Amino acid sequence: MALMTGEQYIESIRRLNMEIYMFGKRIDSPVDDPILRPSLNSVRMTYDLAQMPEYQDLMTVISPDTGERINRFTHIHRSTDDLRNKVKMQRLLGQKTASCFQRCVGMDAFNAVFSTSFEVDRKYGTRYHENFREFMLYCQENDLTVDGAMTDPKGDRSKAPHEQADPDLFLRVVERRADGIVVCGAKAHQTGMVNSHEVIVMPTQSMGPEDMDYAVSFAVPTDAKGIFMIVGRQSCDTRKLENSELDVGNSEFGGMEALVVFDHVFVPNERIFLDGQTEFAGMLVERFAGYHRQSYGGCKVGVGDVLIGAAAVIAEYNGAAKASHIKDKLIEMTHLNETLYCCGIACSAEGAPTESGNYLINLLLANVCKQNITRFPYEIVRLAEDIAGGLMVTAPSEADLRDPKLGPVIDKYLRGVNEVSTENRLRMLRLIENLCLGAAAVGYRTESMHGAGSPQAQRIMISRQGNLEHKKELAKALAHIKE
Ligand code: SF4
Ligand code: FE
C-alpha cells in the first residue's frame, strides 16, 4: 500500500497510543477531540489531494527506489523540478486548508538527514545512511506522516548544551547500550506531533566536541514508550468547543504545536542517523532549516491567497470594492504574496545536488525567502484588517444571530450591501479574524516570524552566504583600485 486514503490516515492515527495532555487532562485520541481534529483534517488533505487525478503530478511521484507511486511528502528530491513542485504543492495545500498542514517538517527532515547521514558515513564508516534509507522506505511504503523535531528548549541562550544548569534542556543521549541508545530531553513548539506516525529528531544547533551526547539524530514512533506531549494553547481555541462553525471562522482546518518530552526513550541502533559526530550537527541544522525556509515560500503564500481573496470578498460585501484605494491595497497584498512565491521558486530553481545525490535548495536564497516571510505576511494582515473594517473584532456571536429577538436586529444593522446576507458577511469577517488574530494566526502570523528559525537566524546565514568579499572586489575593480 503506497498511498493511504484520507480516511485510512485518520484511522491509522486512531490506532496509535500517544500520550497527549491538554488543559491538564490526558486526551484519549486526537481524532475525536474538537480542538485537535482540525489539525488532523489539515494533514488529511495531503492524503485526499494525492488521490485526485488533477493533483497527482504535484502530490505524488514515482519513487526512484521502489518504482511505486508515493506521496511527495515522503520523497527525496532528485532534481530542481522536484524542489519547485514541492513549493507548488505547499501553495496548493495552503489554499485548501488556510492553515499549517504540518506534514512538511518530516519531508524537510527526510531530505536533510538523507544527505547529511551520507556524508557522516563517508567520513566515519558508520551506517547511518543505510539506517535512514530503510526507515525512509518503510515510511514511503506505508505512506506515513513523519514529524521533524529540531527546536530544543535551550535554557540559558548564552550557554552551550553541556554548560546548562539542567542537562535536559537540550535533548541528549543518557545511556549507550549494545542494542541502541536511551535519550532524555524535550522538543518545543513541535508542529504536528499529535497527527504524525513517526518523529525524526535532530540536533538544534552547531555543536563543539564537548556536546557529543547532544549531537544525535534518530526516528521513533510518536507513541514510543517515554514520549508525551503537552499541547500548546492557541488564540480562540475554546471557540471550537462552542458548536459554532461560524464563530470559529475556519472550523474544518487548523494546526497544532506541543511541548514534546522524551523521558528515557529507547532508540534501537537501526533507527540512529547521527550519534556523537558533533561537526555534522551544524550541517544537519543548516540543511533542515534551509529546506523549511524554502517551504514557507509555498505554504504561507497559499494561506496568503485565501486572505487576499477574503479581503476582496469582504470589500464587495461592504460595498467598497470599487474604491481605488481598496483596489490598490489588494494589488499591494498580491505583490507582497507573489514576491514570497518568487523566493520559494528561486531557491528551488537554483538548487544543486549534494554528495548523496539528492537536491538541496540554494541556501542564500532560501534564507532570503524566510527573512521576507518574517515581514510580508504582517503587512498583508495589516491591509486585510484595514479592508475588513472594525466589525471583524466587534461582531456579536452566532448565538446572538440565531436568537429570535436579537437575530433580526443584527441582520438589519450589520448588513452591508443589501444583496448579501448579514450571515455571509459575518462568515467572511470571522475567516479573516481567524487568519489574522485567531487560531490560524499561529500558522500565518507568528509562525511566519519564528517558524523555521527566528529572523536573526536567517541574517546569520545571509551574512555567511552573501559573499561580501566578492562584492568588495567588484567595487574595487571598477574604481581601478590596486592594493
Ligand atoms: Fe508545512 Fe508551512 Fe506548516 Fe511548516 S509552517 S509544516 S512548511 S505548512
Ligand atoms: Fe512551521
# chains A, B, ... in the order shown; residues from 1 in each chain; ligands from 1
>>> residues_near_ligand(ligand="ligand 2", cutoff="10 Å", atoms="only C-alpha atoms and all ligand atoms", output="MDAnalysis selection string")
chainID A and resid 100:105 189:192 255 257 292:293 295:296 299:300 442:444 446:453
>>> select_by_dssp(residues="stretch 105-177 of chain A", states="strand (DSSP E or B)", output="list in words")
Val146, Asp147, Gly148, Ala149, Arg172, Val173, Val174, Glu175 and Arg176 of chain A
>>> write_last_selection(atoms="C-alpha atoms", output="CSV table (one decimal), in the first residue's frame")
chain,number,residue,atom,x,y,z
A,146,VAL,CA,6.6,11.9,9.8
A,147,ASP,CA,7.2,14.8,12.2
A,148,GLY,CA,10.6,16.6,12.3
A,149,ALA,CA,11.7,17.7,15.7
A,172,ARG,CA,20.8,14.1,24.7
A,173,VAL,CA,21.9,10.5,25.0
A,174,VAL,CA,21.9,9.4,28.6
A,175,GLU,CA,22.8,5.7,28.0
A,176,ARG,CA,24.5,3.7,25.3
>>> closest_residue(among="A:Arg430, A:Arg37, A:His75, A:Lys88", to="ligand 1", atoms="only C-alpha atoms and all ligand atoms")
A:Lys88
>>> residues_around(residues="A:Leu336", least_positions_apart="4", cutoff="9 Å", atoms="only C-alpha atoms", output="ChimeraX atom specification")
/A:331-332,340-341,376-377,379-380
>>> write_last_selection(atoms="N, CA, C and O atoms", output="short mmCIF file (atom, residue, chain, number, x, y, z; two decimals), in the first residue's frame")
data_model
loop_
_atom_site.label_atom_id
_atom_site.label_comp_id
_atom_site.auth_asym_id
_atom_site.auth_seq_id
_atom_site.Cartn_x
_atom_site.Cartn_y
_atom_site.Cartn_z
N ILE A 331 -3.86 45.02 -4.71
CA ILE A 331 -2.68 44.87 -5.59
C ILE A 331 -1.43 44.73 -4.73
O ILE A 331 -0.57 43.89 -4.98
N GLU A 332 -1.33 45.58 -3.70
CA GLU A 332 -0.16 45.53 -2.82
C GLU A 332 -0.06 44.16 -2.12
O GLU A 332 1.03 43.58 -2.04
N LEU A 340 6.96 36.60 -2.23
CA LEU A 340 7.34 35.45 -1.40
C LEU A 340 7.43 34.19 -2.25
O LEU A 340 8.34 33.36 -2.09
N TYR A 341 6.47 34.03 -3.15
CA TYR A 341 6.47 32.86 -4.03
C TYR A 341 7.72 32.87 -4.93
O TYR A 341 8.35 31.83 -5.13
N PHE A 376 6.46 40.20 5.30
CA PHE A 376 5.36 40.47 4.37
C PHE A 376 3.99 39.98 4.86
O PHE A 376 2.99 40.68 4.67
N PRO A 377 3.88 38.79 5.46
CA PRO A 377 2.55 38.40 5.94
C PRO A 377 1.99 39.39 6.97
O PRO A 377 0.77 39.59 7.04
N GLU A 379 2.36 42.62 6.85
CA GLU A 379 1.81 43.73 6.07
C GLU A 379 0.52 43.28 5.36
O GLU A 379 -0.44 44.06 5.27
N ILE A 380 0.51 42.03 4.91
CA ILE A 380 -0.71 41.52 4.26
C ILE A 380 -1.85 41.48 5.28
O ILE A 380 -2.99 41.86 4.98
#
>>> select_by_dssp(residues="stretch 354-443 of chain A", states="alpha helix (DSSP H)", output="VMD selection string")
chain A and resid 363 to 373 376 to 388 391 to 394 398 to 402 406 to 413 422 to 436 440 to 441
